[in-house]
$ cat model-v5.cif   # mmCIF, C-alpha atoms
data_protein
loop_
_atom_site.label_atom_id
_atom_site.label_comp_id
_atom_site.auth_asym_id
_atom_site.auth_seq_id
_atom_site.Cartn_x
_atom_site.Cartn_y
_atom_site.Cartn_z
CA MET A 1 -41.77 27.25 134.38
CA ALA A 2 -40.36 25.35 137.34
CA ASN A 3 -40.21 21.58 137.40
CA ARG A 4 -41.83 20.08 140.50
CA ARG A 5 -42.17 16.74 142.21
CA ARG A 6 -44.62 15.70 144.93
CA ILE A 7 -43.26 14.81 148.36
CA SER A 8 -45.82 12.12 149.05
CA SER A 9 -44.58 11.35 152.58
CA TRP A 10 -45.79 14.79 153.68
CA GLY A 11 -49.34 14.22 152.51
CA ARG A 12 -51.12 15.58 155.58
CA HIS A 13 -49.80 19.05 154.80
CA GLY A 14 -51.35 19.15 151.36
CA ASN A 15 -49.62 19.07 148.00
CA LEU A 16 -46.06 20.28 148.50
CA TYR A 17 -43.55 20.44 145.69
CA TRP A 18 -39.91 21.35 145.38
CA ASP A 19 -39.24 23.85 142.60
CA GLU A 20 -35.93 23.77 140.70
CA ASP A 21 -34.37 26.00 143.36
CA GLY A 22 -35.32 23.63 146.18
CA GLU A 23 -38.12 25.81 147.55
CA PHE A 24 -41.59 24.65 148.62
CA ILE A 25 -44.53 25.25 146.29
CA GLN A 26 -48.09 24.33 147.28
CA LYS A 27 -51.07 23.94 144.94
CA ASP A 28 -54.51 22.32 144.88
CA GLU A 29 -54.95 18.62 144.06
CA GLU A 30 -57.04 19.29 140.98
CA ASP A 31 -54.75 21.98 139.59
CA ASP A 32 -52.11 20.28 137.46
CA ASP A 33 -51.16 23.41 135.54
CA ASP A 34 -47.86 25.15 136.22
CA ILE A 35 -48.05 28.11 138.56
CA ASP A 36 -46.98 31.46 137.13
CA ASP A 37 -44.18 33.04 139.12
CA ASP A 38 -45.71 36.50 139.38
CA GLU A 39 -45.36 38.66 142.47
CA GLU A 40 -48.97 38.35 143.66
CA GLU A 41 -48.85 34.58 143.60
CA ASP A 42 -45.53 34.52 145.48
CA VAL A 43 -47.22 36.38 148.33
CA GLU A 44 -50.08 33.88 148.36
CA ILE A 45 -47.66 30.94 148.43
CA ARG A 46 -45.82 32.42 151.38
CA LYS A 47 -49.13 32.85 153.23
CA LYS A 48 -49.97 29.19 152.68
CA LEU A 49 -46.54 28.10 153.83
CA GLU A 50 -46.73 30.15 157.03
CA LYS A 51 -50.03 28.41 157.85
CA TYR A 52 -48.35 25.07 157.13
CA TYR A 53 -45.50 25.76 159.53
CA GLU A 54 -47.86 26.64 162.38
CA GLU A 55 -48.85 23.00 162.74
CA ASP A 56 -45.49 21.74 164.03
CA GLN A 57 -44.82 24.02 166.98
CA VAL A 58 -44.81 23.76 170.76
CA LYS A 59 -46.07 26.37 173.25
CA LEU A 60 -43.44 27.30 175.83
CA ASN A 61 -44.01 28.52 179.39
CA CYS A 62 -42.78 31.98 178.35
CA GLY A 63 -45.72 32.31 175.95
CA LEU A 64 -43.81 31.82 172.70
CA THR A 65 -44.39 29.04 170.22
CA MET A 66 -41.30 27.24 168.95
CA PRO A 67 -41.02 25.08 165.81
CA VAL A 68 -40.29 21.52 166.88
CA MET A 69 -37.79 20.92 164.08
CA GLY A 70 -34.73 23.05 164.74
CA PHE A 71 -31.77 23.57 162.42
CA GLY A 72 -28.46 23.18 164.25
CA THR A 73 -25.43 25.14 163.04
CA TYR A 74 -22.48 23.64 164.93
CA SER A 75 -19.73 22.54 162.57
CA LEU A 76 -16.20 21.49 163.44
CA GLN A 77 -14.94 23.14 160.25
CA ASN A 78 -16.92 26.33 160.98
CA ASP A 79 -16.83 27.39 157.33
CA VAL A 80 -18.78 30.66 157.22
CA ASN A 81 -19.78 30.41 153.56
CA GLU A 82 -20.90 26.80 153.99
CA THR A 83 -23.02 27.74 157.01
CA VAL A 84 -24.61 30.71 155.23
CA GLU A 85 -25.51 28.53 152.26
CA ALA A 86 -26.87 25.76 154.50
CA VAL A 87 -29.13 28.20 156.36
CA ARG A 88 -30.33 29.64 153.04
CA LYS A 89 -31.28 26.14 151.89
CA GLY A 90 -32.88 25.42 155.26
CA ILE A 91 -35.09 28.48 154.91
CA LYS A 92 -36.23 27.34 151.47
CA MET A 93 -37.02 23.87 152.80
CA GLY A 94 -39.19 25.23 155.59
CA TYR A 95 -36.92 25.34 158.63
CA ARG A 96 -37.94 28.23 160.88
CA HIS A 97 -36.04 27.41 164.09
CA PHE A 98 -32.29 28.08 163.98
CA ASP A 99 -29.94 27.08 166.78
CA THR A 100 -26.54 28.72 167.24
CA ALA A 101 -24.12 29.63 170.05
CA LYS A 102 -21.16 31.88 170.69
CA ILE A 103 -18.84 28.89 170.96
CA TYR A 104 -20.01 27.51 167.59
CA GLY A 105 -18.74 30.61 165.82
CA SER A 106 -21.81 30.46 163.58
CA GLU A 107 -23.82 33.45 164.85
CA GLY A 108 -22.58 35.77 162.11
CA ALA A 109 -23.32 33.29 159.32
CA VAL A 110 -26.78 32.49 160.70
CA GLY A 111 -27.58 36.20 160.99
CA LYS A 112 -26.37 36.92 157.47
CA ALA A 113 -28.58 34.26 155.89
CA LEU A 114 -31.63 35.10 158.00
CA ASN A 115 -31.36 38.85 157.46
CA GLU A 116 -31.01 38.33 153.72
CA ALA A 117 -34.23 36.29 153.72
CA ILE A 118 -36.02 38.84 155.91
CA GLY A 119 -34.84 41.73 153.76
CA SER A 120 -36.02 40.06 150.55
CA GLY A 121 -39.44 39.26 152.03
CA ILE A 122 -39.01 35.48 151.96
CA ILE A 123 -39.65 35.26 155.70
CA ASP A 124 -40.78 37.59 158.46
CA ARG A 125 -38.70 37.97 161.63
CA ARG A 126 -41.80 37.19 163.70
CA ASN A 127 -42.06 33.79 162.05
CA ILE A 128 -38.57 32.54 162.77
CA PHE A 129 -37.18 31.34 166.09
CA VAL A 130 -33.52 31.99 166.90
CA THR A 131 -31.71 30.34 169.81
CA SER A 132 -28.23 31.20 171.04
CA LYS A 133 -26.28 30.29 174.16
CA LEU A 134 -24.18 31.80 176.95
CA TRP A 135 -20.68 30.36 177.08
CA GLY A 136 -18.94 29.60 180.38
CA SER A 137 -16.48 32.48 180.05
CA ASP A 138 -19.37 34.95 179.96
CA HIS A 139 -21.09 33.97 183.21
CA HIS A 140 -19.49 37.11 184.68
CA ASP A 141 -21.56 39.33 182.37
CA PRO A 142 -24.38 37.64 180.43
CA ILE A 143 -25.88 40.99 179.40
CA SER A 144 -22.75 42.09 177.54
CA ALA A 145 -22.39 38.59 176.08
CA LEU A 146 -25.93 38.65 174.71
CA LYS A 147 -25.46 42.15 173.30
CA GLN A 148 -22.41 40.85 171.41
CA THR A 149 -24.41 37.87 170.17
CA LEU A 150 -27.04 40.29 168.85
CA ARG A 151 -24.36 42.29 167.07
CA ASN A 152 -23.05 39.08 165.53
CA LEU A 153 -26.55 38.13 164.40
CA GLY A 154 -27.50 41.63 163.29
CA MET A 155 -30.73 41.34 165.28
CA GLU A 156 -32.49 43.26 168.04
CA TYR A 157 -33.34 40.14 170.07
CA VAL A 158 -33.10 36.38 170.15
CA ASP A 159 -36.13 34.26 170.87
CA MET A 160 -34.27 31.96 173.26
CA TYR A 161 -31.05 32.45 175.25
CA LEU A 162 -29.69 29.38 177.02
CA VAL A 163 -26.99 28.81 179.63
CA HIS A 164 -24.90 26.45 177.50
CA TRP A 165 -23.39 24.37 180.34
CA PRO A 166 -23.51 24.58 184.14
CA VAL A 167 -19.83 25.52 183.94
CA LYS A 168 -18.16 28.85 184.71
CA LEU A 169 -14.80 29.70 183.13
CA ARG A 170 -12.45 32.61 183.48
CA ALA A 171 -13.10 35.57 181.20
CA GLY A 172 -11.40 35.04 177.85
CA ALA A 173 -11.61 31.23 177.87
CA ASP A 174 -13.51 31.35 174.59
CA TYR A 175 -12.76 27.85 173.33
CA ALA A 176 -14.59 24.54 173.51
CA TRP A 177 -12.02 22.56 175.50
CA PRO A 178 -11.14 24.45 178.70
CA LYS A 179 -7.68 24.28 180.23
CA GLU A 180 -7.17 23.28 183.83
CA GLU A 181 -6.56 26.88 184.90
CA ASP A 182 -9.78 28.12 183.26
CA PHE A 183 -12.32 26.79 185.78
CA GLU A 184 -14.10 28.90 188.39
CA GLN A 185 -16.76 28.09 190.94
CA VAL A 186 -20.26 28.08 189.47
CA GLU A 187 -22.54 30.80 190.88
CA MET A 188 -25.73 29.95 189.07
CA ASP A 189 -27.86 32.26 191.20
CA LYS A 190 -25.87 35.26 189.92
CA THR A 191 -25.76 33.96 186.36
CA TRP A 192 -29.50 33.34 186.31
CA ALA A 193 -30.30 36.76 187.79
CA ALA A 194 -28.37 38.29 184.88
CA MET A 195 -30.24 36.05 182.43
CA GLU A 196 -33.51 37.33 183.90
CA GLU A 197 -32.23 40.87 183.42
CA CYS A 198 -31.59 40.10 179.74
CA LEU A 199 -35.24 39.12 179.54
CA LYS A 200 -36.42 42.33 181.22
CA MET A 201 -34.28 44.41 178.86
CA GLY A 202 -35.93 42.82 175.81
CA LEU A 203 -32.67 41.30 174.55
CA CYS A 204 -34.37 37.89 174.45
CA LYS A 205 -37.94 36.60 174.58
CA CYS A 206 -37.26 33.48 176.67
CA ILE A 207 -34.45 32.08 178.78
CA GLY A 208 -33.45 28.52 179.44
CA VAL A 209 -30.63 26.10 180.09
CA SER A 210 -28.72 23.29 178.42
CA ASN A 211 -27.07 20.17 179.81
CA PHE A 212 -28.78 20.50 183.20
CA SER A 213 -29.56 17.40 185.27
CA VAL A 214 -32.73 17.06 187.34
CA LYS A 215 -30.77 18.00 190.46
CA LYS A 216 -29.38 21.15 188.85
CA LEU A 217 -32.86 22.14 187.67
CA GLN A 218 -34.19 21.64 191.20
CA ARG A 219 -31.53 23.97 192.56
CA LEU A 220 -32.24 26.55 189.87
CA LEU A 221 -35.96 26.55 190.58
CA CYS A 222 -35.24 27.32 194.25
CA PHE A 223 -34.02 30.84 193.43
CA ALA A 224 -35.28 31.57 189.91
CA GLU A 225 -37.88 34.32 189.59
CA VAL A 226 -38.39 33.21 185.97
CA PRO A 227 -38.24 29.43 185.42
CA PRO A 228 -36.32 28.11 182.42
CA ALA A 229 -38.51 27.63 179.37
CA VAL A 230 -36.26 24.99 177.83
CA ASN A 231 -33.62 22.46 178.84
CA GLN A 232 -31.68 21.47 175.73
CA VAL A 233 -29.97 18.12 176.29
CA GLU A 234 -28.64 15.10 174.47
CA MET A 235 -31.62 12.84 173.76
CA HIS A 236 -32.15 10.01 171.29
CA PRO A 237 -33.33 6.37 171.28
CA THR A 238 -30.14 5.20 173.05
CA TRP A 239 -30.22 8.02 175.64
CA ARG A 240 -33.88 8.50 176.38
CA GLN A 241 -33.78 10.88 179.37
CA ARG A 242 -36.93 9.46 180.98
CA LYS A 243 -36.28 10.84 184.48
CA LEU A 244 -35.43 14.28 183.12
CA ARG A 245 -38.43 14.35 180.79
CA GLU A 246 -40.79 13.45 183.63
CA PHE A 247 -39.36 16.17 185.89
CA CYS A 248 -39.52 18.77 183.13
CA ARG A 249 -43.10 17.82 182.27
CA GLU A 250 -44.11 18.28 185.91
CA HIS A 251 -42.52 21.74 185.97
CA ASN A 252 -43.60 22.87 182.48
CA ILE A 253 -40.05 22.98 181.12
CA HIS A 254 -39.74 21.94 177.50
CA VAL A 255 -37.07 19.36 176.67
CA SER A 256 -35.26 20.06 173.42
CA ALA A 257 -33.02 17.34 172.00
CA TYR A 258 -29.59 17.99 170.56
CA SER A 259 -27.83 15.16 168.73
CA PRO A 260 -31.19 13.40 168.27
CA LEU A 261 -29.48 10.97 165.87
CA GLY A 262 -26.54 10.33 168.20
CA GLY A 263 -24.23 12.91 166.63
CA PRO A 264 -22.91 10.94 163.63
CA GLY A 265 -20.31 13.01 161.82
CA ASN A 266 -19.09 14.70 165.00
CA VAL A 267 -15.73 13.70 166.49
CA TRP A 268 -17.52 12.66 169.69
CA GLY A 269 -20.60 11.23 167.96
CA SER A 270 -21.77 7.73 167.11
CA THR A 271 -23.73 5.92 164.41
CA SER A 272 -25.17 3.52 166.99
CA VAL A 273 -28.64 5.08 166.74
CA VAL A 274 -29.10 5.00 162.97
CA ASP A 275 -27.30 1.64 162.70
CA SER A 276 -29.47 -0.04 165.35
CA PRO A 277 -31.25 -3.15 163.99
CA ILE A 278 -34.37 -2.13 165.92
CA ILE A 279 -34.42 1.34 164.38
CA ARG A 280 -33.74 -0.09 160.92
CA SER A 281 -36.51 -2.65 161.27
CA ILE A 282 -39.04 0.03 162.22
CA ALA A 283 -37.84 2.17 159.32
CA PHE A 284 -38.40 -0.70 156.90
CA LYS A 285 -41.88 -1.25 158.31
CA HIS A 286 -42.89 2.38 157.72
CA LYS A 287 -40.94 2.85 154.47
CA ALA A 288 -39.01 5.57 156.25
CA THR A 289 -35.33 6.09 157.01
CA PRO A 290 -33.56 5.27 160.30
CA ALA A 291 -33.00 8.98 160.88
CA GLN A 292 -36.72 9.68 160.49
CA VAL A 293 -37.54 6.91 162.97
CA ALA A 294 -35.11 8.31 165.56
CA LEU A 295 -36.55 11.80 165.12
CA GLY A 296 -40.10 10.46 165.15
CA TRP A 297 -39.39 8.77 168.47
CA GLY A 298 -38.19 12.04 169.99
CA LEU A 299 -41.15 13.97 168.61
CA SER A 300 -43.51 11.35 170.05
CA LYS A 301 -42.15 12.22 173.50
CA GLY A 302 -43.15 15.85 173.05
CA SER A 303 -39.61 17.11 172.52
CA SER A 304 -38.26 19.37 169.81
CA MET A 305 -35.39 18.14 167.67
CA ILE A 306 -32.24 20.14 166.89
CA VAL A 307 -31.00 18.38 163.76
CA LYS A 308 -27.67 19.23 162.22
CA SER A 309 -26.79 18.44 158.65
CA PHE A 310 -25.67 20.73 155.87
CA ASN A 311 -26.27 17.96 153.33
CA GLU A 312 -29.30 18.94 151.26
CA GLY A 313 -30.67 15.41 150.98
CA ARG A 314 -30.44 14.77 154.70
CA MET A 315 -31.94 18.17 155.48
CA LYS A 316 -35.02 17.18 153.47
CA GLU A 317 -35.02 13.71 155.02
CA ASN A 318 -35.02 15.14 158.55
CA MET A 319 -37.99 17.37 157.76
CA GLY A 320 -39.87 14.28 156.57
CA ALA A 321 -39.89 12.95 160.13
CA LEU A 322 -42.69 15.40 160.92
CA ASP A 323 -45.12 13.10 159.13
CA LEU A 324 -43.95 9.78 160.51
CA ARG A 325 -46.29 8.31 163.12
CA LEU A 326 -44.78 5.50 165.16
CA ASP A 327 -47.26 3.09 166.71
CA ASP A 328 -47.27 1.73 170.26
CA GLN A 329 -45.35 -1.39 169.25
CA ASP A 330 -42.60 0.70 167.68
CA LEU A 331 -42.26 2.79 170.82
CA ARG A 332 -42.15 -0.29 173.05
CA GLU A 333 -39.42 -1.80 170.88
CA ILE A 334 -37.30 1.31 171.34
CA ASP A 335 -38.12 2.05 174.98
CA GLN A 336 -37.81 -1.49 176.27
CA LYS A 337 -35.20 -3.18 174.11
CA MET A 338 -32.58 -0.60 173.16
CA GLU A 339 -29.62 -0.27 175.51
CA GLU A 340 -28.83 3.20 176.78
CA LYS A 341 -25.48 4.99 176.68
CA LYS A 342 -24.75 8.70 176.87
CA ILE A 343 -22.52 9.83 174.02
CA MET A 344 -21.70 13.47 174.87
CA ARG A 345 -20.36 12.99 178.40
CA GLY A 346 -18.56 16.31 178.90
CA GLU A 347 -15.24 14.89 180.11
CA CYS A 348 -13.53 18.18 179.25
CA TYR A 349 -15.41 19.88 182.12
CA VAL A 350 -14.13 17.42 184.72
CA ASN A 351 -10.81 17.37 186.56
CA ASP A 352 -9.78 16.61 190.13
CA THR A 353 -7.99 19.91 190.78
CA THR A 354 -9.71 23.07 189.50
CA SER A 355 -13.12 22.06 188.20
CA PRO A 356 -16.07 22.00 190.63
CA TYR A 357 -16.83 18.64 189.01
CA LYS A 358 -14.22 16.10 190.09
CA THR A 359 -15.87 13.18 188.31
CA ILE A 360 -18.34 12.62 185.49
CA GLN A 361 -20.95 11.66 188.08
CA ASP A 362 -20.43 15.03 189.80
CA LEU A 363 -21.17 16.80 186.52
CA TRP A 364 -24.34 14.80 185.87
CA ASP A 365 -25.37 14.27 189.53
CA PHE A 366 -25.28 10.48 189.16
CA GLU A 367 -27.95 10.64 186.45
CA ILE A 368 -25.88 8.83 183.83
#

$ encode --input "model-v5.cif" --output "structure tokens"
Amino acid sequence: MANRRRISSWGRHGNLYWDEDGEFIQKDEEDDDDIDDDEEEDVEIRKKLEKYYEEDQVKLNCGLTMPVMGFGTYSLQNDVNETVEAVRKGIKMGYRHFDTAKIYGSEGAVGKALNEAIGSGIIDRRNIFVTSKLWGSDHHDPISALKQTLRNLGMEYVDMYLVHWPVKLRAGADYAWPKEEDFEQVEMDKTWAAMEECLKMGLCKCIGVSNFSVKKLQRLLCFAEVPPAVNQVEMHPTWRQRKLREFCREHNIHVSAYSPLGGPGNVWGSTSVVDSPIIRSIAFKHKATPAQVALGWGLSKGSSMIVKSFNEGRMKENMGALDLRLDDQDLREIDQKMEEKKIMRGECYVNDTTSPYKTIQDLWDFEI
């Protein structure tokens, strides 16, 4: 019989327990007896869990629903076995939205873990949401790029395909830090037309963008037949994206936050969010953690969170943010008193010779 402990901070979802393997178990309040691990009961547990996960999703303009807590898979080390194991644990903990990209090098590992879970009946493909991204060197042929992504994942489609950056690179520049000779002029009208073709071909269910300013979204909407469903951007309590969020709300584009904790642990990241005295004070008030407060702030703005940690404890902690409810005073403290500073600035996409973006302000259209 499995040993279980109650996760009291998730009370609104019923009685949830971790078994000895780290997987959710749910049972009635009055039933204190151990649950037999027979096949029929496993099916019933999965049904209950699927109902549980439906509560924390957002409806996109493409018609799909997307879980608001996404599991990011970027890792500087890019250890395949570590990523596979992290995704396996994420599945057991209840993550159903998995974010990858060609440039992360994690598509194969994500696909391996997800297909294992699908094949064993732990999850159904219809109940997971997979996002990947078009790298700059593939703007010449997004259809072929997405087909390769699907081969890497071992899947017939992705739920969301994003233009990773508004940057076009020469074919073969498949690395994160472009060289001076790699840059080409951006032709977003042609790139987006190919993204729309991916959609028509059934290679993806939705298309969107990442790292787009308001001005770049305005330009895109001038020629797009299909508007982007998502704009995935850096967003956290010290980079709140108010102007962008307002524009996206007006145009029914969902804002998804990467680095919602400020990217601690990344070479470019910062601990300024989780170390903020304001965030820590609010966490103390709610008997929560600073990470949960930062995520709770983002969720309160209607955004989804792409969290990235392969540490089991922090993976569970991040999920706990779904039950934190910040009050108006908490939100005012963050929105009015915390200084703003963008952390991921994208300097590697700027140069005064070959890049279309000669300065940082060119890249972000004076929105930072």

$ residues_near_point --input "model-v5.cif" --point "(-12.1, 27.3, 170.6)" --cutoff "12 Å" --atoms "all atoms listed in the file" --output "ChimeraX atom specification"
/A:76-78,102-105,135,137,172-179

$ resolve_selection --input "model-v5.cif" --expression "the PyMOL selection byres ((chain A and resi 162) around 7)" --output "PDB file with C-alpha atoms, keeping the file's coordinate frame"
ATOM      1  CA  SER A 132     -28.230  31.200 171.040  1.00  0.00           C
ATOM      2  CA  LYS A 133     -26.280  30.290 174.160  1.00  0.00           C
ATOM      3  CA  LEU A 134     -24.180  31.800 176.950  1.00  0.00           C
ATOM      4  CA  MET A 160     -34.270  31.960 173.260  1.00  0.00           C
ATOM      5  CA  TYR A 161     -31.050  32.450 175.250  1.00  0.00           C
ATOM      6  CA  VAL A 163     -26.990  28.810 179.630  1.00  0.00           C
ATOM      7  CA  HIS A 164     -24.900  26.450 177.500  1.00  0.00           C
ATOM      8  CA  ILE A 207     -34.450  32.080 178.780  1.00  0.00           C
ATOM      9  CA  GLY A 208     -33.450  28.520 179.440  1.00  0.00           C
ATOM     10  CA  VAL A 209     -30.630  26.100 180.090  1.00  0.00           C
ATOM     11  CA  SER A 210     -28.720  23.290 178.420  1.00  0.00           C
TER      12      SER A 210
END

$ residues_around --input "model-v5.cif" --residues "Gly154 in chain A" --least-positions-apart "3" --cutoff "12 Å" --atoms "all atoms listed in the file" --output "list in words"
Glu107, Gly108, Ala109, Val110, Gly111, Lys112, Ala113, Leu114, Asn115, Glu116, Ile118, Arg125, Val130, Leu146, Lys147, Gln148, Thr149, Leu150, Arg151, Tyr157 and Val158 of chain A

$ resolve_selection --input "model-v5.cif" --expression "the PyMOL selection byres ((chain A and resi 304-315) around 6)" --output "JSON, numbers by chain"
{"A": [68, 69, 70, 71, 72, 86, 256, 257, 258, 303, 316, 317, 318]}

$ closest_residue --input "model-v5.cif" --among "A:Ile368, A:Val87, A:Val167, A:Leu199" --to "Glu234 in chain A" --atoms "only C-alpha atoms"
A:Ile368

$ closest_residue --input "model-v5.cif" --among "A:Asp56, A:Glu156, A:Asp79, A:Asp275" --to "Gly94 in chain A" --atoms "all atoms listed in the file"
A:Asp56

$ residues_around --input "model-v5.cif" --residues "range 278-289 of chain A" --least-positions-apart "3" --cutoff "9 Å" --atoms "all atoms listed in the file" --output "JSON, numbers by chain"
{"A": [9, 237, 273, 274, 275, 292, 293, 294, 317, 320, 321, 324, 325, 326, 330, 333, 334, 337, 338]}

$ decode --input "model-v5.cif" --residues "range 276-284 of chain A" --atoms "all heavy atoms" --output "short mmCIF file (atom, residue, chain, number, x, y, z; two decimals), in the first residue's frame"
data_model
loop_
_atom_site.label_atom_id
_atom_site.label_comp_id
_atom_site.auth_asym_id
_atom_site.auth_seq_id
_atom_site.Cartn_x
_atom_site.Cartn_y
_atom_site.Cartn_z
N SER A 276 13.00 39.80 -3.79
CA SER A 276 12.40 41.10 -3.50
C SER A 276 11.76 41.11 -2.11
O SER A 276 10.97 40.22 -1.77
CB SER A 276 11.33 41.43 -4.55
OG SER A 276 10.45 42.44 -4.09
N PRO A 277 12.04 42.12 -1.29
CA PRO A 277 11.40 42.21 0.03
C PRO A 277 9.88 42.27 -0.07
O PRO A 277 9.17 41.74 0.81
CB PRO A 277 11.97 43.51 0.61
CG PRO A 277 13.28 43.69 -0.09
CD PRO A 277 13.06 43.17 -1.48
N ILE A 278 9.36 42.92 -1.11
CA ILE A 278 7.90 43.00 -1.27
C ILE A 278 7.32 41.61 -1.54
O ILE A 278 6.32 41.21 -0.92
CB ILE A 278 7.55 43.96 -2.42
CG1 ILE A 278 7.89 45.40 -2.02
CG2 ILE A 278 6.07 43.85 -2.80
CD1 ILE A 278 7.70 46.42 -3.13
N ILE A 279 7.94 40.87 -2.43
CA ILE A 279 7.47 39.52 -2.74
C ILE A 279 7.58 38.63 -1.51
O ILE A 279 6.65 37.85 -1.20
CB ILE A 279 8.29 38.92 -3.91
CG1 ILE A 279 8.06 39.71 -5.20
CG2 ILE A 279 7.95 37.44 -4.10
CD1 ILE A 279 6.67 39.62 -5.76
N ARG A 280 8.67 38.75 -0.79
CA ARG A 280 8.87 37.92 0.41
C ARG A 280 7.87 38.26 1.51
O ARG A 280 7.39 37.37 2.22
CB ARG A 280 10.30 38.05 0.92
CG ARG A 280 11.31 37.36 -0.01
CD ARG A 280 12.73 37.39 0.56
NE ARG A 280 13.60 36.53 -0.22
CZ ARG A 280 13.76 35.22 -0.01
NH1 ARG A 280 13.09 34.64 0.97
NH2 ARG A 280 14.57 34.52 -0.77
N SER A 281 7.54 39.53 1.64
CA SER A 281 6.57 39.94 2.64
C SER A 281 5.18 39.38 2.32
O SER A 281 4.47 38.88 3.22
CB SER A 281 6.51 41.46 2.72
OG SER A 281 5.49 41.89 3.59
N ILE A 282 4.80 39.43 1.07
CA ILE A 282 3.50 38.88 0.65
C ILE A 282 3.49 37.36 0.85
O ILE A 282 2.48 36.78 1.28
CB ILE A 282 3.20 39.26 -0.81
CG1 ILE A 282 3.04 40.77 -0.94
CG2 ILE A 282 1.95 38.55 -1.31
CD1 ILE A 282 2.98 41.26 -2.37
N ALA A 283 4.61 36.72 0.56
CA ALA A 283 4.71 35.27 0.75
C ALA A 283 4.52 34.90 2.22
O ALA A 283 3.79 33.95 2.56
CB ALA A 283 6.05 34.75 0.25
N PHE A 284 5.14 35.66 3.09
CA PHE A 284 5.00 35.42 4.53
C PHE A 284 3.54 35.59 4.96
O PHE A 284 3.01 34.78 5.74
CB PHE A 284 5.90 36.38 5.30
CG PHE A 284 5.84 36.21 6.80
CD1 PHE A 284 6.53 35.19 7.43
CD2 PHE A 284 5.06 37.07 7.57
CE1 PHE A 284 6.46 35.03 8.81
CE2 PHE A 284 4.98 36.92 8.94
CZ PHE A 284 5.69 35.89 9.56
#
